[in-house]
>>> print(open('my_file_27.txt').read())   # compact mmCIF, N, CA, C and O atoms
# COMPACT_ATOMS: atom_id res chain seq x y z
N MET A 210 99.29 116.87 85.86
CA MET A 210 98.78 116.05 86.93
C MET A 210 99.95 115.32 87.58
O MET A 210 100.82 114.80 86.92
N HIS A 211 99.95 115.28 88.90
CA HIS A 211 100.99 114.56 89.63
C HIS A 211 100.76 113.06 89.49
O HIS A 211 99.65 112.61 89.28
N ARG A 212 101.81 112.29 89.66
CA ARG A 212 101.72 110.84 89.44
C ARG A 212 100.76 110.15 90.40
O ARG A 212 100.23 109.10 90.09
N ASN A 213 100.50 110.71 91.56
CA ASN A 213 99.62 110.07 92.53
C ASN A 213 98.23 110.68 92.58
O ASN A 213 97.49 110.48 93.52
N GLN A 214 97.88 111.45 91.56
CA GLN A 214 96.56 112.05 91.52
C GLN A 214 95.70 111.34 90.50
O GLN A 214 96.18 110.83 89.49
N SER A 215 94.42 111.31 90.75
CA SER A 215 93.49 110.71 89.82
C SER A 215 93.13 111.73 88.75
O SER A 215 93.30 112.94 88.94
N PRO A 216 92.61 111.28 87.61
CA PRO A 216 92.17 112.22 86.59
C PRO A 216 91.02 113.09 87.08
O PRO A 216 90.72 114.11 86.49
N ALA A 217 90.37 112.70 88.18
CA ALA A 217 89.25 113.44 88.72
C ALA A 217 89.67 114.75 89.37
O ALA A 217 88.83 115.54 89.75
N GLY A 218 90.94 114.99 89.55
CA GLY A 218 91.37 116.25 90.14
C GLY A 218 92.31 116.07 91.30
O GLY A 218 93.33 115.43 91.18
N ASP A 219 91.93 116.64 92.44
CA ASP A 219 92.80 116.68 93.61
C ASP A 219 92.78 115.42 94.45
O ASP A 219 93.44 115.35 95.47
N LEU A 220 92.02 114.41 94.07
CA LEU A 220 91.97 113.19 94.87
C LEU A 220 93.18 112.32 94.57
O LEU A 220 93.42 111.98 93.42
N PRO A 221 93.92 111.95 95.60
CA PRO A 221 95.03 111.01 95.38
C PRO A 221 94.48 109.70 94.81
O PRO A 221 93.39 109.26 95.18
N LEU A 222 95.23 109.08 93.93
CA LEU A 222 94.77 107.87 93.26
C LEU A 222 94.39 106.77 94.25
O LEU A 222 93.34 106.14 94.13
N GLY A 223 95.24 106.53 95.25
CA GLY A 223 94.94 105.50 96.25
C GLY A 223 93.66 105.79 97.01
O GLY A 223 92.90 104.88 97.35
N PHE A 224 93.41 107.06 97.28
CA PHE A 224 92.19 107.45 97.97
C PHE A 224 90.98 107.18 97.09
O PHE A 224 89.98 106.61 97.54
N SER A 225 91.07 107.54 95.82
CA SER A 225 89.98 107.29 94.88
C SER A 225 89.65 105.81 94.80
O SER A 225 88.49 105.41 94.80
N MET A 226 90.69 104.99 94.73
CA MET A 226 90.50 103.55 94.63
C MET A 226 89.87 102.99 95.90
O MET A 226 88.94 102.18 95.85
N ALA A 227 90.36 103.40 97.06
CA ALA A 227 89.82 102.93 98.33
C ALA A 227 88.37 103.39 98.51
O ALA A 227 87.52 102.64 98.99
N LEU A 228 88.09 104.61 98.09
CA LEU A 228 86.73 105.15 98.19
C LEU A 228 85.78 104.37 97.29
O LEU A 228 84.66 104.06 97.68
N ALA A 229 86.24 104.03 96.09
CA ALA A 229 85.40 103.28 95.15
C ALA A 229 85.05 101.89 95.68
O ALA A 229 84.02 101.32 95.30
N GLN A 230 85.87 101.35 96.57
CA GLN A 230 85.64 100.03 97.13
C GLN A 230 84.78 100.05 98.39
O GLN A 230 84.48 99.00 98.94
N ASN A 231 84.40 101.23 98.83
CA ASN A 231 83.62 101.36 100.06
C ASN A 231 82.43 102.28 99.78
O ASN A 231 82.51 103.49 99.91
N GLY A 232 81.33 101.67 99.35
CA GLY A 232 80.13 102.44 98.98
C GLY A 232 79.63 103.39 100.06
O GLY A 232 79.36 104.56 99.78
N PRO A 233 79.50 102.92 101.32
CA PRO A 233 79.02 103.83 102.37
C PRO A 233 79.95 105.04 102.56
O PRO A 233 79.49 106.16 102.77
N ALA A 234 81.26 104.81 102.47
CA ALA A 234 82.21 105.92 102.62
C ALA A 234 82.09 106.88 101.44
O ALA A 234 82.17 108.09 101.63
N MET A 235 81.90 106.34 100.23
CA MET A 235 81.76 107.20 99.07
C MET A 235 80.52 108.09 99.20
O MET A 235 80.58 109.29 98.94
N THR A 236 79.43 107.49 99.64
CA THR A 236 78.19 108.26 99.83
C THR A 236 78.38 109.33 100.90
O THR A 236 77.97 110.48 100.72
N ALA A 237 79.01 108.95 102.01
CA ALA A 237 79.24 109.91 103.10
C ALA A 237 80.18 111.03 102.66
O ALA A 237 79.95 112.20 102.98
N PHE A 238 81.23 110.68 101.91
CA PHE A 238 82.19 111.68 101.44
C PHE A 238 81.50 112.69 100.52
O PHE A 238 81.71 113.90 100.64
N ALA A 239 80.65 112.21 99.63
CA ALA A 239 79.93 113.09 98.70
C ALA A 239 78.99 114.04 99.44
O ALA A 239 78.73 115.15 98.96
N ALA A 240 78.49 113.63 100.60
CA ALA A 240 77.55 114.46 101.36
C ALA A 240 78.24 115.51 102.22
O ALA A 240 77.57 116.41 102.73
N LEU A 241 79.56 115.40 102.39
CA LEU A 241 80.29 116.35 103.24
C LEU A 241 80.39 117.72 102.57
O LEU A 241 80.36 117.83 101.34
N ASP A 242 80.55 118.75 103.39
CA ASP A 242 80.79 120.07 102.82
C ASP A 242 82.23 120.16 102.32
O ASP A 242 83.06 119.30 102.59
N GLN A 243 82.51 121.19 101.55
CA GLN A 243 83.81 121.34 100.90
C GLN A 243 84.97 121.34 101.89
O GLN A 243 86.00 120.71 101.66
N ILE A 244 84.81 122.00 103.01
CA ILE A 244 85.89 122.08 104.01
C ILE A 244 86.20 120.70 104.57
O ILE A 244 87.36 120.31 104.68
N ALA A 245 85.17 119.94 104.92
CA ALA A 245 85.37 118.60 105.45
C ALA A 245 86.04 117.70 104.42
O ALA A 245 86.94 116.92 104.75
N ARG A 246 85.60 117.79 103.15
CA ARG A 246 86.23 116.99 102.09
C ARG A 246 87.71 117.35 101.95
O ARG A 246 88.56 116.47 101.82
N GLU A 247 88.03 118.63 101.99
CA GLU A 247 89.42 119.07 101.86
C GLU A 247 90.28 118.56 103.01
O GLU A 247 91.44 118.20 102.82
N GLU A 248 89.72 118.52 104.22
CA GLU A 248 90.46 118.00 105.37
C GLU A 248 90.77 116.51 105.19
O GLU A 248 91.88 116.06 105.48
N ILE A 249 89.80 115.76 104.70
CA ILE A 249 90.01 114.33 104.49
C ILE A 249 91.01 114.12 103.36
O ILE A 249 91.89 113.25 103.46
N ILE A 250 90.92 114.89 102.30
CA ILE A 250 91.87 114.78 101.19
C ILE A 250 93.28 115.08 101.68
O ILE A 250 94.24 114.39 101.30
N ALA A 251 93.43 116.07 102.54
CA ALA A 251 94.75 116.40 103.08
C ALA A 251 95.30 115.22 103.89
O ALA A 251 96.49 114.89 103.77
N ARG A 252 94.45 114.57 104.69
CA ARG A 252 94.89 113.37 105.42
C ARG A 252 95.28 112.26 104.46
O ARG A 252 96.29 111.58 104.67
N ALA A 253 94.50 112.08 103.41
CA ALA A 253 94.78 111.03 102.43
C ALA A 253 96.11 111.27 101.71
O ALA A 253 96.85 110.33 101.44
N LYS A 254 96.42 112.52 101.45
CA LYS A 254 97.67 112.85 100.78
C LYS A 254 98.88 112.52 101.65
O LYS A 254 99.98 112.32 101.14
N MET A 255 98.67 112.43 102.95
CA MET A 255 99.77 112.13 103.86
C MET A 255 99.85 110.65 104.21
O MET A 255 100.77 110.23 104.89
N ALA A 256 98.89 109.85 103.74
CA ALA A 256 98.88 108.40 104.03
C ALA A 256 100.13 107.76 103.44
O ALA A 256 100.54 108.09 102.32
N ARG A 257 100.73 106.85 104.18
CA ARG A 257 101.98 106.22 103.76
C ARG A 257 101.82 104.74 103.43
O ARG A 257 102.80 104.09 103.09
N SER A 258 100.59 104.21 103.53
CA SER A 258 100.38 102.80 103.21
C SER A 258 98.93 102.60 102.78
O SER A 258 98.07 103.43 103.04
N LYS A 259 98.69 101.44 102.15
CA LYS A 259 97.32 101.09 101.77
C LYS A 259 96.45 100.96 103.01
O LYS A 259 95.30 101.39 103.02
N ALA A 260 97.00 100.36 104.04
CA ALA A 260 96.24 100.16 105.27
C ALA A 260 95.83 101.50 105.88
O ALA A 260 94.69 101.67 106.32
N GLU A 261 96.74 102.45 105.88
CA GLU A 261 96.43 103.78 106.42
C GLU A 261 95.36 104.45 105.57
O GLU A 261 94.44 105.08 106.09
N MET A 262 95.44 104.30 104.25
CA MET A 262 94.44 104.89 103.36
C MET A 262 93.07 104.25 103.61
O MET A 262 92.06 104.95 103.68
N ARG A 263 93.04 102.94 103.77
CA ARG A 263 91.76 102.25 104.05
C ARG A 263 91.17 102.72 105.37
O ARG A 263 89.96 102.86 105.50
N GLU A 264 92.02 102.97 106.37
CA GLU A 264 91.53 103.47 107.66
C GLU A 264 90.90 104.85 107.49
O GLU A 264 89.87 105.14 108.09
N ILE A 265 91.53 105.70 106.70
CA ILE A 265 90.99 107.05 106.46
C ILE A 265 89.63 106.94 105.80
O ILE A 265 88.65 107.57 106.21
N VAL A 266 89.54 106.12 104.75
CA VAL A 266 88.29 105.97 104.01
C VAL A 266 87.22 105.36 104.90
O VAL A 266 86.08 105.83 104.93
N SER A 267 87.58 104.34 105.67
CA SER A 267 86.61 103.70 106.55
C SER A 267 86.09 104.66 107.61
O SER A 267 84.93 104.58 108.01
N SER A 268 86.94 105.56 108.07
CA SER A 268 86.52 106.51 109.11
C SER A 268 85.46 107.49 108.61
O SER A 268 84.70 108.02 109.40
N ILE A 269 85.40 107.68 107.31
CA ILE A 269 84.40 108.60 106.75
C ILE A 269 82.99 108.11 107.05
O ILE A 269 82.12 108.88 107.42
N ALA A 270 82.78 106.82 106.89
CA ALA A 270 81.44 106.26 107.10
C ALA A 270 81.32 105.52 108.42
O ALA A 270 80.27 104.96 108.73
N GLY A 271 82.41 105.49 109.19
CA GLY A 271 82.37 104.80 110.47
C GLY A 271 82.29 103.29 110.31
O GLY A 271 81.74 102.60 111.15
N THR A 272 82.86 102.78 109.22
CA THR A 272 82.87 101.35 108.97
C THR A 272 84.25 100.79 109.27
O THR A 272 85.24 101.51 109.19
N PRO A 273 84.36 99.50 109.58
CA PRO A 273 85.69 98.92 109.80
C PRO A 273 86.46 98.88 108.48
O PRO A 273 85.86 98.75 107.41
N PRO A 274 87.78 99.01 108.51
CA PRO A 274 88.58 98.99 107.30
C PRO A 274 88.42 97.67 106.54
O PRO A 274 88.36 96.61 107.14
N LEU A 275 88.32 97.77 105.22
CA LEU A 275 88.30 96.58 104.38
C LEU A 275 89.69 96.03 104.27
O LEU A 275 90.66 96.77 104.16
N VAL A 276 89.81 94.74 104.30
CA VAL A 276 91.16 94.11 104.24
C VAL A 276 91.45 93.66 102.84
O VAL A 276 90.69 93.27 102.06
>>> encode(input="my_file_27.txt", output="structure tokens")
Amino acid sequence: MHRNQSPAGDLPLGFSMALAQNGPAMTAFAALDQIAREEIIARAKMARSKAEMREIVSSIAGTPPLV
């Protein structure tokens, strides 16, 4: 496992943490098809800051980023 991956698999650790803090985004992410999830995961892997990761997660459910 790479240092920035969660034990859950291909999810980057920061993405997993941000997703866990945003219930609506977690629900929306789980409802996406595999291709859409993979596209979001690819964006998350390229995130360079916590703020950018929160923006990605918030965009899943269309909610404002948590601060």
>>> residues_around(input="my_file_27.txt", residues="segment 228-245 of chain A", least_positions_apart="5", cutoff="8 Å", atoms="all atoms listed in the file", output="PyMOL selection string")
chain A and resi 221-223+250-252+262-263+265-272+275
>>> atom_distance(input="my_file_27.txt", atom1="atom CA of Glu248 of chain A", atom2="atom CA of Met226 of chain A")
18.0 Å
>>> atom_distance(input="my_file_27.txt", atom1="atom C of Asp219 of chain A", atom2="atom O of Arg246 of chain A")
8.6 Å
>>> atom_distance(input="my_file_27.txt", atom1="atom C of Glu261 of chain A", atom2="atom O of Glu247 of chain A")
14.6 Å
>>> select_by_dssp(input="my_file_27.txt", residues="chain A", states="helix (DSSP H, G or I)", output="PyMOL selection string")
chain A and resi 222-229+232-240+243-254+259-270
>>> axis_aligned_box(input="my_file_27.txt", around="segment 229-244 of chain A", padding_each_side="6 Å", output="JSON")
{"center_x": 82.5, "center_y": 110.5, "center_z": 99.9, "size_x": 21.8, "size_y": 35.1, "size_z": 21.5}
>>> build_atoms(input="my_file_27.txt", residues="segment 222-233 of chain A", atoms="all heavy atoms", output="PDB file, in the coordinates of the input")
ATOM      1  N   LEU A 222      95.230 109.080  93.930  1.00  0.00           N
ATOM      2  CA  LEU A 222      94.770 107.870  93.260  1.00  0.00           C
ATOM      3  C   LEU A 222      94.390 106.770  94.250  1.00  0.00           C
ATOM      4  O   LEU A 222      93.340 106.140  94.130  1.00  0.00           O
ATOM      5  CB  LEU A 222      95.847 107.366  92.298  1.00  0.00           C
ATOM      6  CG  LEU A 222      95.482 106.142  91.476  1.00  0.00           C
ATOM      7  CD1 LEU A 222      94.243 106.391  90.645  1.00  0.00           C
ATOM      8  CD2 LEU A 222      96.647 105.762  90.583  1.00  0.00           C
ATOM      9  N   GLY A 223      95.240 106.530  95.250  1.00  0.00           N
ATOM     10  CA  GLY A 223      94.940 105.500  96.250  1.00  0.00           C
ATOM     11  C   GLY A 223      93.660 105.790  97.010  1.00  0.00           C
ATOM     12  O   GLY A 223      92.900 104.880  97.350  1.00  0.00           O
ATOM     13  N   PHE A 224      93.410 107.060  97.280  1.00  0.00           N
ATOM     14  CA  PHE A 224      92.190 107.450  97.970  1.00  0.00           C
ATOM     15  C   PHE A 224      90.980 107.180  97.090  1.00  0.00           C
ATOM     16  O   PHE A 224      89.980 106.610  97.540  1.00  0.00           O
ATOM     17  CB  PHE A 224      92.251 108.938  98.353  1.00  0.00           C
ATOM     18  CG  PHE A 224      91.015 109.448  99.044  1.00  0.00           C
ATOM     19  CD1 PHE A 224      90.737 109.083 100.355  1.00  0.00           C
ATOM     20  CD2 PHE A 224      90.137 110.300  98.401  1.00  0.00           C
ATOM     21  CE1 PHE A 224      89.605 109.546 101.003  1.00  0.00           C
ATOM     22  CE2 PHE A 224      89.005 110.769  99.038  1.00  0.00           C
ATOM     23  CZ  PHE A 224      88.736 110.396 100.346  1.00  0.00           C
ATOM     24  N   SER A 225      91.070 107.540  95.820  1.00  0.00           N
ATOM     25  CA  SER A 225      89.980 107.290  94.880  1.00  0.00           C
ATOM     26  C   SER A 225      89.650 105.810  94.800  1.00  0.00           C
ATOM     27  O   SER A 225      88.490 105.410  94.800  1.00  0.00           O
ATOM     28  CB  SER A 225      90.340 107.794  93.482  1.00  0.00           C
ATOM     29  OG  SER A 225      90.545 109.176  93.490  1.00  0.00           O
ATOM     30  N   MET A 226      90.690 104.990  94.730  1.00  0.00           N
ATOM     31  CA  MET A 226      90.500 103.550  94.630  1.00  0.00           C
ATOM     32  C   MET A 226      89.870 102.990  95.900  1.00  0.00           C
ATOM     33  O   MET A 226      88.940 102.180  95.850  1.00  0.00           O
ATOM     34  CB  MET A 226      91.818 102.871  94.318  1.00  0.00           C
ATOM     35  CG  MET A 226      92.331 103.214  92.930  1.00  0.00           C
ATOM     36  SD  MET A 226      93.969 102.581  92.602  1.00  0.00           S
ATOM     37  CE  MET A 226      93.631 100.829  92.522  1.00  0.00           C
ATOM     38  N   ALA A 227      90.360 103.400  97.060  1.00  0.00           N
ATOM     39  CA  ALA A 227      89.820 102.930  98.330  1.00  0.00           C
ATOM     40  C   ALA A 227      88.370 103.390  98.510  1.00  0.00           C
ATOM     41  O   ALA A 227      87.520 102.640  98.990  1.00  0.00           O
ATOM     42  CB  ALA A 227      90.685 103.407  99.494  1.00  0.00           C
ATOM     43  N   LEU A 228      88.090 104.610  98.090  1.00  0.00           N
ATOM     44  CA  LEU A 228      86.730 105.150  98.190  1.00  0.00           C
ATOM     45  C   LEU A 228      85.780 104.370  97.290  1.00  0.00           C
ATOM     46  O   LEU A 228      84.660 104.060  97.680  1.00  0.00           O
ATOM     47  CB  LEU A 228      86.754 106.632  97.817  1.00  0.00           C
ATOM     48  CG  LEU A 228      85.611 107.521  98.275  1.00  0.00           C
ATOM     49  CD1 LEU A 228      85.463 107.484  99.782  1.00  0.00           C
ATOM     50  CD2 LEU A 228      85.839 108.940  97.797  1.00  0.00           C
ATOM     51  N   ALA A 229      86.240 104.030  96.090  1.00  0.00           N
ATOM     52  CA  ALA A 229      85.400 103.280  95.150  1.00  0.00           C
ATOM     53  C   ALA A 229      85.050 101.890  95.680  1.00  0.00           C
ATOM     54  O   ALA A 229      84.020 101.320  95.300  1.00  0.00           O
ATOM     55  CB  ALA A 229      86.113 103.158  93.807  1.00  0.00           C
ATOM     56  N   GLN A 230      85.870 101.350  96.570  1.00  0.00           N
ATOM     57  CA  GLN A 230      85.640 100.030  97.130  1.00  0.00           C
ATOM     58  C   GLN A 230      84.780 100.050  98.390  1.00  0.00           C
ATOM     59  O   GLN A 230      84.480  99.000  98.940  1.00  0.00           O
ATOM     60  CB  GLN A 230      86.982  99.349  97.437  1.00  0.00           C
ATOM     61  CG  GLN A 230      87.791  99.072  96.198  1.00  0.00           C
ATOM     62  CD  GLN A 230      89.183  98.551  96.519  1.00  0.00           C
ATOM     63  OE1 GLN A 230      89.617  98.543  97.660  1.00  0.00           O
ATOM     64  NE2 GLN A 230      89.882  98.112  95.496  1.00  0.00           N
ATOM     65  N   ASN A 231      84.400 101.230  98.830  1.00  0.00           N
ATOM     66  CA  ASN A 231      83.620 101.360 100.060  1.00  0.00           C
ATOM     67  C   ASN A 231      82.430 102.280  99.780  1.00  0.00           C
ATOM     68  O   ASN A 231      82.510 103.490  99.910  1.00  0.00           O
ATOM     69  CB  ASN A 231      84.518 101.919 101.174  1.00  0.00           C
ATOM     70  CG  ASN A 231      83.842 101.934 102.517  1.00  0.00           C
ATOM     71  OD1 ASN A 231      82.649 102.161 102.607  1.00  0.00           O
ATOM     72  ND2 ASN A 231      84.604 101.721 103.567  1.00  0.00           N
ATOM     73  N   GLY A 232      81.330 101.670  99.350  1.00  0.00           N
ATOM     74  CA  GLY A 232      80.130 102.440  98.980  1.00  0.00           C
ATOM     75  C   GLY A 232      79.630 103.390 100.060  1.00  0.00           C
ATOM     76  O   GLY A 232      79.360 104.560  99.780  1.00  0.00           O
ATOM     77  N   PRO A 233      79.500 102.920 101.320  1.00  0.00           N
ATOM     78  CA  PRO A 233      79.020 103.830 102.370  1.00  0.00           C
ATOM     79  C   PRO A 233      79.950 105.040 102.560  1.00  0.00           C
ATOM     80  O   PRO A 233      79.490 106.160 102.770  1.00  0.00           O
ATOM     81  CB  PRO A 233      78.984 102.959 103.623  1.00  0.00           C
ATOM     82  CG  PRO A 233      78.824 101.565 103.105  1.00  0.00           C
ATOM     83  CD  PRO A 233      79.597 101.537 101.815  1.00  0.00           C
TER      84      PRO A 233
END
